[in-house]
file final04.pdb (PDB, C-alpha atoms, pLDDT in the B column)
ATOM      1  CA  MET A   1       2.527  77.323 -79.457  1.00 55.00           C
ATOM      2  CA  ALA A   2       1.339  76.907 -83.009  1.00 65.00           C
ATOM      3  CA  SER A   3       2.896  74.135 -84.986  1.00 86.00           C
ATOM      4  CA  SER A   4       4.841  74.812 -88.131  1.00 91.00           C
ATOM      5  CA  TYR A   5       2.115  73.002 -90.077  1.00 93.00           C
ATOM      6  CA  TYR A   6      -0.469  75.720 -89.369  1.00 93.00           C
ATOM      7  CA  ARG A   7       2.074  78.457 -89.976  1.00 94.00           C
ATOM      8  CA  ALA A   8       2.816  76.933 -93.371  1.00 95.00           C
ATOM      9  CA  ILE A   9      -0.921  76.765 -94.162  1.00 96.00           C
ATOM     10  CA  THR A  10      -1.308  80.430 -93.222  1.00 95.00           C
ATOM     11  CA  PHE A  11       1.686  81.434 -95.324  1.00 96.00           C
ATOM     12  CA  LEU A  12       0.429  79.391 -98.278  1.00 97.00           C
ATOM     13  CA  GLY A  13      -3.031  80.953 -97.963  1.00 97.00           C
ATOM     14  CA  LEU A  14      -1.634  84.489 -97.817  1.00 97.00           C
ATOM     15  CA  PHE A  15       0.684  83.849-100.749  1.00 97.00           C
ATOM     16  CA  SER A  16      -2.174  82.405-102.785  1.00 97.00           C
ATOM     17  CA  LEU A  17      -4.384  85.377-101.866  1.00 97.00           C
ATOM     18  CA  LEU A  18      -1.702  87.793-103.032  1.00 97.00           C
ATOM     19  CA  HIS A  19      -1.346  85.798-106.234  1.00 97.00           C
ATOM     20  CA  ALA A  20      -5.092  86.028-106.860  1.00 97.00           C
ATOM     21  CA  ALA A  21      -4.965  89.800-106.357  1.00 96.00           C
ATOM     22  CA  TYR A  22      -2.014  90.084-108.741  1.00 97.00           C
ATOM     23  CA  SER A  23      -3.835  87.926-111.301  1.00 96.00           C
ATOM     24  CA  ALA A  24      -6.905  90.155-111.056  1.00 96.00           C
ATOM     25  CA  ALA A  25      -4.786  93.259-111.637  1.00 95.00           C
ATOM     26  CA  GLN A  26      -3.071  91.597-114.611  1.00 96.00           C
ATOM     27  CA  HIS A  27      -6.443  90.612-116.055  1.00 95.00           C
ATOM     28  CA  ARG A  28      -7.674  94.208-115.814  1.00 94.00           C
ATOM     29  CA  SER A  29      -4.561  95.571-117.503  1.00 94.00           C
ATOM     30  CA  TYR A  30      -4.889  92.926-120.265  1.00 94.00           C
ATOM     31  CA  LEU A  31      -8.472  94.042-120.900  1.00 93.00           C
ATOM     32  CA  ARG A  32      -7.365  97.704-121.093  1.00 93.00           C
ATOM     33  CA  ILE A  33      -4.584  96.904-123.554  1.00 94.00           C
ATOM     34  CA  THR A  34      -6.845  94.862-125.831  1.00 93.00           C
ATOM     35  CA  GLY A  35      -9.669  97.421-125.557  1.00 92.00           C
ATOM     36  CA  GLN A  36     -12.204  94.977-124.156  1.00 92.00           C
ATOM     37  CA  GLU A  37     -14.820  95.971-121.603  1.00 92.00           C
ATOM     38  CA  PHE A  38     -14.549  94.601-118.077  1.00 89.00           C
ATOM     39  CA  THR A  39     -17.553  92.475-117.096  1.00 91.00           C
ATOM     40  CA  SER A  40     -16.219  90.227-114.350  1.00 91.00           C
ATOM     41  CA  LEU A  41     -13.142  88.369-113.233  1.00 93.00           C
ATOM     42  CA  PRO A  42     -12.510  84.889-114.615  1.00 94.00           C
ATOM     43  CA  SER A  43     -13.887  82.114-112.449  1.00 95.00           C
ATOM     44  CA  ASP A  44     -10.448  80.653-111.702  1.00 96.00           C
ATOM     45  CA  ILE A  45      -9.315  83.908-110.054  1.00 95.00           C
ATOM     46  CA  ILE A  46     -12.532  84.129-108.007  1.00 96.00           C
ATOM     47  CA  ILE A  47     -12.235  80.508-106.874  1.00 97.00           C
ATOM     48  CA  GLN A  48      -8.548  80.977-106.003  1.00 97.00           C
ATOM     49  CA  GLY A  49      -9.367  84.087-103.970  1.00 96.00           C
ATOM     50  CA  ILE A  50     -12.156  82.394-101.998  1.00 97.00           C
ATOM     51  CA  LEU A  51     -10.159  79.215-101.321  1.00 97.00           C
ATOM     52  CA  SER A  52      -7.118  81.274-100.302  1.00 97.00           C
ATOM     53  CA  LEU A  53      -9.234  83.292 -97.896  1.00 97.00           C
ATOM     54  CA  PHE A  54     -10.606  80.149 -96.230  1.00 97.00           C
ATOM     55  CA  LEU A  55      -7.150  78.555 -96.117  1.00 96.00           C
ATOM     56  CA  THR A  56      -5.727  81.667 -94.425  1.00 96.00           C
ATOM     57  CA  MET A  57      -8.603  81.817 -91.928  1.00 95.00           C
ATOM     58  CA  TYR A  58      -8.117  78.144 -91.058  1.00 94.00           C
ATOM     59  CA  GLY A  59      -4.425  78.638 -90.377  1.00 93.00           C
ATOM     60  CA  VAL A  60      -4.932  81.820 -88.347  1.00 92.00           C
ATOM     61  CA  ILE A  61      -7.618  80.208 -86.181  1.00 90.00           C
ATOM     62  CA  HIS A  62      -5.230  77.413 -85.205  1.00 90.00           C
ATOM     63  CA  ILE A  63      -2.316  79.782 -84.617  1.00 90.00           C
ATOM     64  CA  ALA A  64      -4.383  82.118 -82.396  1.00 85.00           C
ATOM     65  CA  GLY A  65      -4.804  79.519 -79.639  1.00 76.00           C
ATOM     66  CA  GLU A  66      -7.640  79.234 -77.167  1.00 78.00           C
ATOM     67  CA  PHE A  67     -10.331  81.881 -77.250  1.00 74.00           C
ATOM     68  CA  LYS A  68     -11.662  83.464 -74.063  1.00 72.00           C
ATOM     69  CA  GLU A  69     -15.321  83.885 -73.288  1.00 70.00           C
ATOM     70  CA  ILE A  70     -16.694  87.334 -73.970  1.00 74.00           C
ATOM     71  CA  ARG A  71     -19.178  87.220 -71.117  1.00 74.00           C
ATOM     72  CA  ALA A  72     -17.844  88.855 -67.956  1.00 70.00           C
ATOM     73  CA  THR A  73     -19.594  86.376 -65.658  1.00 73.00           C
ATOM     74  CA  VAL A  74     -17.384  83.493 -66.784  1.00 69.00           C
ATOM     75  CA  GLU A  75     -14.234  85.243 -65.580  1.00 67.00           C
ATOM     76  CA  LEU A  76     -15.825  86.552 -62.381  1.00 69.00           C
ATOM     77  CA  GLU A  77     -17.292  83.208 -61.235  1.00 73.00           C
ATOM     78  CA  SER A  78     -14.001  82.096 -59.702  1.00 72.00           C
ATOM     79  CA  LYS A  79     -13.609  85.274 -57.604  1.00 72.00           C
ATOM     80  CA  THR A  80     -15.184  85.746 -54.196  1.00 70.00           C
ATOM     81  CA  TRP A  81     -17.362  88.708 -53.297  1.00 66.00           C
ATOM     82  CA  GLU A  82     -14.652  90.125 -51.025  1.00 66.00           C
ATOM     83  CA  THR A  83     -12.070  90.272 -53.796  1.00 66.00           C
ATOM     84  CA  GLN A  84     -14.549  91.868 -56.182  1.00 65.00           C
ATOM     85  CA  LYS A  85     -15.362  94.678 -53.756  1.00 67.00           C
ATOM     86  CA  ASN A  86     -11.722  95.312 -52.806  1.00 68.00           C
ATOM     87  CA  LEU A  87     -10.770  98.185 -55.084  1.00 70.00           C
ATOM     88  CA  PRO A  88      -7.980 100.182 -53.410  1.00 69.00           C
ATOM     89  CA  SER A  89      -7.911 102.730 -56.210  1.00 70.00           C
ATOM     90  CA  PHE A  90     -11.350 103.913 -55.121  1.00 70.00           C
ATOM     91  CA  TYR A  91     -10.489 104.406 -51.440  1.00 71.00           C
ATOM     92  CA  ILE A  92     -11.076 108.029 -50.430  1.00 72.00           C
ATOM     93  CA  PHE A  93     -10.091 109.196 -46.964  1.00 71.00           C
ATOM     94  CA  ASN A  94     -10.455 112.931 -47.318  1.00 75.00           C
ATOM     95  CA  HIS A  95     -14.187 113.529 -47.780  1.00 73.00           C
ATOM     96  CA  ARG A  96     -16.976 115.450 -46.076  1.00 75.00           C
ATOM     97  CA  GLY A  97     -18.123 112.406 -44.078  1.00 76.00           C
ATOM     98  CA  LYS A  98     -15.485 113.228 -41.484  1.00 77.00           C
ATOM     99  CA  ALA A  99     -17.713 116.136 -40.381  1.00 78.00           C
ATOM    100  CA  LEU A 100     -20.078 113.568 -38.856  1.00 82.00           C
ATOM    101  CA  SER A 101     -17.422 112.473 -36.373  1.00 80.00           C
ATOM    102  CA  PRO A 102     -17.968 113.859 -32.837  1.00 84.00           C
ATOM    103  CA  THR A 103     -14.264 114.651 -32.542  1.00 85.00           C
ATOM    104  CA  TYR A 104     -14.126 116.668 -35.751  1.00 79.00           C
ATOM    105  CA  MET A 105     -12.739 120.181 -35.433  1.00 80.00           C
ATOM    106  CA  PRO A 106     -13.371 122.190 -38.600  1.00 76.00           C
ATOM    107  CA  GLU A 107     -10.526 124.161 -40.043  1.00 76.00           C
ATOM    108  CA  TYR A 108     -11.588 127.558 -41.215  1.00 71.00           C
ATOM    109  CA  ARG A 109      -9.397 128.719 -43.995  1.00 69.00           C
ATOM    110  CA  PHE A 110      -9.932 132.202 -45.176  1.00 66.00           C
ATOM    111  CA  HIS A 111      -8.300 133.500 -48.298  1.00 67.00           C
ATOM    112  CA  GLY A 112      -8.838 137.046 -49.348  1.00 63.00           C
ATOM    113  CA  THR A 113     -10.462 140.055 -47.721  1.00 66.00           C
ATOM    114  CA  LEU A 114     -13.947 140.675 -46.440  1.00 60.00           C
ATOM    115  CA  SER A 115     -15.693 143.771 -47.591  1.00 56.00           C
TER     116      SER A 115
END
call {"tool": "encode", "arguments": {"input": "final04.pdb", "output": "C-alpha coordinates"}}
result
Amino acid sequence: MASSYYRAITFLGLFSLLHAAYSAAQHRSYLRITGQEFTSLPSDIIIQGILSLFLTMYGVIHIAGEFKEIRATVELESKTWETQKNLPSFYIFNHRGKALSPTYMPEYRFHGTLS
(Lines of atoms letter the chains of each structure in order from A and count residues from 1; the text may use other names and numbers.)
(Lines give C-alpha, C1' and ligand atoms only; values in the text may rest on other atoms or scores of the structure.)
Protein backbone atom coordinates (compact mmCIF):
# COMPACT_ATOMS: atom_id res chain seq x y z
CA MET A 1 0.00 0.00 0.00
CA ALA A 2 1.33 3.41 -0.90
CA SER A 3 2.03 5.74 1.94
CA SER A 4 0.26 9.04 2.26
CA TYR A 5 3.59 10.77 1.64
CA TYR A 6 3.76 9.58 -1.98
CA ARG A 7 0.08 10.29 -2.51
CA ALA A 8 0.65 13.84 -1.32
CA ILE A 9 3.64 14.20 -3.68
CA THR A 10 1.51 12.97 -6.58
CA PHE A 11 -1.32 15.33 -5.70
CA LEU A 12 1.09 18.25 -5.34
CA GLY A 13 2.69 17.43 -8.69
CA LEU A 14 -0.67 17.20 -10.46
CA PHE A 15 -1.88 20.42 -8.87
CA SER A 16 1.32 22.20 -9.87
CA LEU A 17 1.02 20.83 -13.42
CA LEU A 18 -2.53 22.13 -13.68
CA HIS A 19 -1.36 25.48 -12.36
CA ALA A 20 1.36 25.65 -15.01
CA ALA A 21 -1.20 24.90 -17.72
CA TYR A 22 -3.52 27.59 -16.36
CA SER A 23 -0.63 30.06 -16.21
CA ALA A 24 0.25 29.30 -19.84
CA ALA A 25 -3.35 29.91 -20.91
CA GLN A 26 -3.44 33.17 -18.94
CA HIS A 27 -0.17 34.28 -20.53
CA ARG A 28 -1.58 33.64 -24.01
CA SER A 29 -4.76 35.59 -23.27
CA TYR A 30 -2.67 38.47 -21.84
CA LEU A 31 -0.64 38.60 -25.06
CA ARG A 32 -3.85 38.67 -27.15
CA ILE A 33 -5.33 41.49 -25.08
CA THR A 34 -2.19 43.62 -25.27
CA GLY A 35 -1.72 42.84 -28.98
CA GLN A 36 1.73 41.32 -28.57
CA GLU A 37 2.96 38.42 -30.67
CA PHE A 38 3.49 35.05 -29.00
CA THR A 39 7.10 33.87 -29.18
CA SER A 40 7.43 31.46 -26.27
CA LEU A 41 6.24 30.85 -22.75
CA PRO A 42 8.08 32.53 -19.89
CA SER A 43 10.83 30.42 -18.39
CA ASP A 44 9.14 30.19 -14.98
CA ILE A 45 6.09 28.46 -16.51
CA ILE A 46 8.30 26.04 -18.47
CA ILE A 47 10.37 25.20 -15.39
CA GLN A 48 7.23 24.74 -13.28
CA GLY A 49 5.74 22.41 -15.90
CA ILE A 50 8.87 20.25 -16.14
CA LEU A 51 9.39 20.04 -12.37
CA SER A 52 5.69 19.24 -11.85
CA LEU A 53 5.88 16.47 -14.43
CA PHE A 54 8.89 14.88 -12.71
CA LEU A 55 7.30 15.28 -9.27
CA THR A 56 4.12 13.56 -10.50
CA MET A 57 6.10 10.73 -12.13
CA TYR A 58 8.07 10.18 -8.93
CA GLY A 59 4.92 9.91 -6.85
CA VAL A 60 3.15 7.62 -9.33
CA ILE A 61 6.14 5.27 -9.54
CA HIS A 62 6.09 4.78 -5.77
CA ILE A 63 2.31 4.37 -5.63
CA ALA A 64 2.27 1.77 -8.43
CA GLY A 65 4.15 -0.83 -6.38
CA GLU A 66 6.38 -3.60 -7.66
CA PHE A 67 6.71 -4.01 -11.39
CA LYS A 68 6.56 -7.44 -13.03
CA GLU A 69 9.03 -8.67 -15.59
CA ILE A 70 7.86 -8.39 -19.17
CA ARG A 71 9.70 -11.50 -20.31
CA ALA A 72 7.48 -14.59 -20.28
CA THR A 73 10.32 -16.90 -19.23
CA VAL A 74 10.56 -15.32 -15.77
CA GLU A 75 6.98 -16.27 -14.93
CA LEU A 76 7.19 -19.72 -16.53
CA GLU A 77 10.43 -20.79 -14.78
CA SER A 78 8.58 -21.84 -11.64
CA LYS A 79 6.13 -24.10 -13.52
CA THR A 80 6.86 -27.69 -14.45
CA TRP A 81 6.56 -29.04 -17.97
CA GLU A 82 3.48 -31.07 -17.02
CA THR A 83 1.54 -28.04 -15.84
CA GLN A 84 2.50 -26.08 -18.94
CA LYS A 85 1.19 -28.77 -21.28
CA ASN A 86 -2.03 -29.33 -19.30
CA LEU A 87 -4.52 -27.16 -21.17
CA PRO A 88 -8.01 -28.63 -20.68
CA SER A 89 -9.59 -26.02 -22.93
CA PHE A 90 -7.79 -27.59 -25.88
CA TYR A 91 -8.93 -31.17 -25.23
CA ILE A 92 -10.88 -32.49 -28.22
CA PHE A 93 -12.54 -35.89 -28.03
CA ASN A 94 -14.67 -35.84 -31.14
CA HIS A 95 -12.20 -35.86 -34.04
CA ARG A 96 -11.41 -38.01 -37.06
CA GLY A 97 -8.65 -39.92 -35.23
CA LYS A 98 -11.30 -42.23 -33.83
CA ALA A 99 -11.55 -43.79 -37.31
CA LEU A 100 -8.15 -45.40 -36.68
CA SER A 101 -9.57 -47.47 -33.83
CA PRO A 102 -10.21 -51.13 -34.78
CA THR A 103 -13.55 -51.05 -32.97
CA TYR A 104 -14.82 -47.99 -34.82
CA MET A 105 -18.17 -48.39 -36.56
CA PRO A 106 -18.85 -45.46 -38.89
CA GLU A 107 -22.23 -43.84 -38.75
CA TYR A 108 -23.57 -43.04 -42.16
CA ARG A 109 -25.86 -40.11 -42.00
CA PHE A 110 -27.67 -39.24 -45.13
CA HIS A 111 -29.61 -36.05 -45.47
CA GLY A 112 -31.45 -35.32 -48.64
CA THR A 113 -32.24 -37.33 -51.75
CA LEU A 114 -30.06 -39.05 -54.28
CA SER A 115 -30.69 -38.33 -57.89
call {"tool": "resolve_selection", "arguments": {"input": "final04.pdb", "expression": "the PyMOL selection byres ((chain A and resi 55-59) around 7)", "output": "PDB file with C-alpha atoms, in the frame of the given file"}}
result
ATOM      1  CA  TYR A   6      -0.469  75.720 -89.369  1.00 93.00           C
ATOM      2  CA  ARG A   7       2.074  78.457 -89.976  1.00 94.00           C
ATOM      3  CA  ILE A   9      -0.921  76.765 -94.162  1.00 96.00           C
ATOM      4  CA  THR A  10      -1.308  80.430 -93.222  1.00 95.00           C
ATOM      5  CA  GLY A  13      -3.031  80.953 -97.963  1.00 97.00           C
ATOM      6  CA  LEU A  14      -1.634  84.489 -97.817  1.00 97.00           C
ATOM      7  CA  LEU A  51     -10.159  79.215-101.321  1.00 97.00           C
ATOM      8  CA  SER A  52      -7.118  81.274-100.302  1.00 97.00           C
ATOM      9  CA  LEU A  53      -9.234  83.292 -97.896  1.00 97.00           C
ATOM     10  CA  PHE A  54     -10.606  80.149 -96.230  1.00 97.00           C
ATOM     11  CA  VAL A  60      -4.932  81.820 -88.347  1.00 92.00           C
ATOM     12  CA  ILE A  61      -7.618  80.208 -86.181  1.00 90.00           C
ATOM     13  CA  HIS A  62      -5.230  77.413 -85.205  1.00 90.00           C
ATOM     14  CA  ILE A  63      -2.316  79.782 -84.617  1.00 90.00           C
TER      15      ILE A  63
END
call {"tool": "residues_around", "arguments": {"input": "final04.pdb", "residues": "Pro42 in chain A", "least_positions_apart": "6", "cutoff": "12 Å", "atoms": "all atoms listed in the file", "output": "list of chain:residue names"}}
result
A:Ala20, A:Ser23, A:Ala24, A:Ala25, A:Gln26, A:His27, A:Arg28, A:Leu31, A:Gln48, A:Gly49
call {"tool": "atom_distance", "arguments": {"input": "final04.pdb", "atom1": "CA of Ile50 in chain A", "atom2": "CA of Ala8 in chain A"}}
result
18.1 Å
call {"tool": "axis_aligned_box", "arguments": {"input": "final04.pdb", "around": "range 14-25 of chain A", "padding_each_side": "8 Å", "output": "JSON"}}
result
{"center_x": -3.1, "center_y": 87.8, "center_z": -104.7, "size_x": 23.6, "size_y": 26.9, "size_z": 29.8}
call {"tool": "atom_distance", "arguments": {"input": "final04.pdb", "atom1": "CA of Leu87 in chain A", "atom2": "CA of Ser101 in chain A"}}
result
24.5 Å
call {"tool": "closest_residue", "arguments": {"input": "final04.pdb", "among": "A:Ser89, A:Ser40, A:Ser3, A:Ser16", "to": "Gly65 in chain A", "atoms": "only C-alpha atoms"}}
result
A:Ser3
call {"tool": "atom_distance", "arguments": {"input": "final04.pdb", "atom1": "CA of Ile33 in chain A", "atom2": "CA of Ile45 in chain A"}}
result
19.3 Å
call {"tool": "decode", "arguments": {"input": "final04.pdb", "residues": "range 17-32 of chain A", "atoms": "N, CA, C and O atoms", "output": "CSV table (one decimal), in the first residue's frame"}}
result
chain,number,residue,atom,x,y,z
A,17,LEU,N,1.1,21.0,-12.0
A,17,LEU,CA,1.0,20.8,-13.4
A,17,LEU,C,-0.2,21.5,-14.0
A,17,LEU,O,-0.1,22.2,-15.0
A,18,LEU,N,-1.3,21.4,-13.3
A,18,LEU,CA,-2.5,22.1,-13.7
A,18,LEU,C,-2.3,23.6,-13.6
A,18,LEU,O,-2.8,24.4,-14.4
A,19,HIS,N,-1.6,24.1,-12.5
A,19,HIS,CA,-1.4,25.5,-12.4
A,19,HIS,C,-0.5,26.0,-13.5
A,19,HIS,O,-0.7,27.1,-14.0
A,20,ALA,N,0.5,25.2,-13.9
A,20,ALA,CA,1.4,25.6,-15.0
A,20,ALA,C,0.6,25.8,-16.3
A,20,ALA,O,0.8,26.7,-17.1
A,21,ALA,N,-0.4,24.8,-16.5
A,21,ALA,CA,-1.2,24.9,-17.7
A,21,ALA,C,-2.1,26.1,-17.7
A,21,ALA,O,-2.3,26.8,-18.7
A,22,TYR,N,-2.7,26.4,-16.5
A,22,TYR,CA,-3.5,27.6,-16.4
A,22,TYR,C,-2.7,28.9,-16.6
A,22,TYR,O,-3.2,29.8,-17.2
A,23,SER,N,-1.5,28.9,-16.0
A,23,SER,CA,-0.6,30.1,-16.2
A,23,SER,C,-0.3,30.3,-17.7
A,23,SER,O,-0.2,31.4,-18.1
A,24,ALA,N,-0.1,29.2,-18.4
A,24,ALA,CA,0.2,29.3,-19.8
A,24,ALA,C,-1.0,29.9,-20.6
A,24,ALA,O,-0.8,30.7,-21.5
A,25,ALA,N,-2.1,29.4,-20.2
A,25,ALA,CA,-3.3,29.9,-20.9
A,25,ALA,C,-3.6,31.4,-20.6
A,25,ALA,O,-3.9,32.2,-21.4
A,26,GLN,N,-3.3,31.8,-19.3
A,26,GLN,CA,-3.4,33.2,-18.9
A,26,GLN,C,-2.4,34.0,-19.7
A,26,GLN,O,-2.7,35.2,-20.1
A,27,HIS,N,-1.2,33.5,-19.8
A,27,HIS,CA,-0.2,34.3,-20.5
A,27,HIS,C,-0.6,34.5,-22.0
A,27,HIS,O,-0.4,35.6,-22.5
A,28,ARG,N,-1.1,33.5,-22.6
A,28,ARG,CA,-1.6,33.6,-24.0
A,28,ARG,C,-2.7,34.7,-24.1
A,28,ARG,O,-2.7,35.5,-25.0
A,29,SER,N,-3.7,34.6,-23.2
A,29,SER,CA,-4.8,35.6,-23.3
A,29,SER,C,-4.2,37.0,-23.0
A,29,SER,O,-4.7,38.0,-23.6
A,30,TYR,N,-3.3,37.2,-22.1
A,30,TYR,CA,-2.7,38.5,-21.8
A,30,TYR,C,-2.0,39.0,-23.1
A,30,TYR,O,-2.1,40.2,-23.4
A,31,LEU,N,-1.3,38.2,-23.8
A,31,LEU,CA,-0.6,38.6,-25.1
A,31,LEU,C,-1.7,39.0,-26.1
A,31,LEU,O,-1.4,40.0,-26.9
A,32,ARG,N,-2.8,38.3,-26.2
A,32,ARG,CA,-3.9,38.7,-27.1
A,32,ARG,C,-4.5,40.0,-26.8
A,32,ARG,O,-4.8,40.8,-27.7
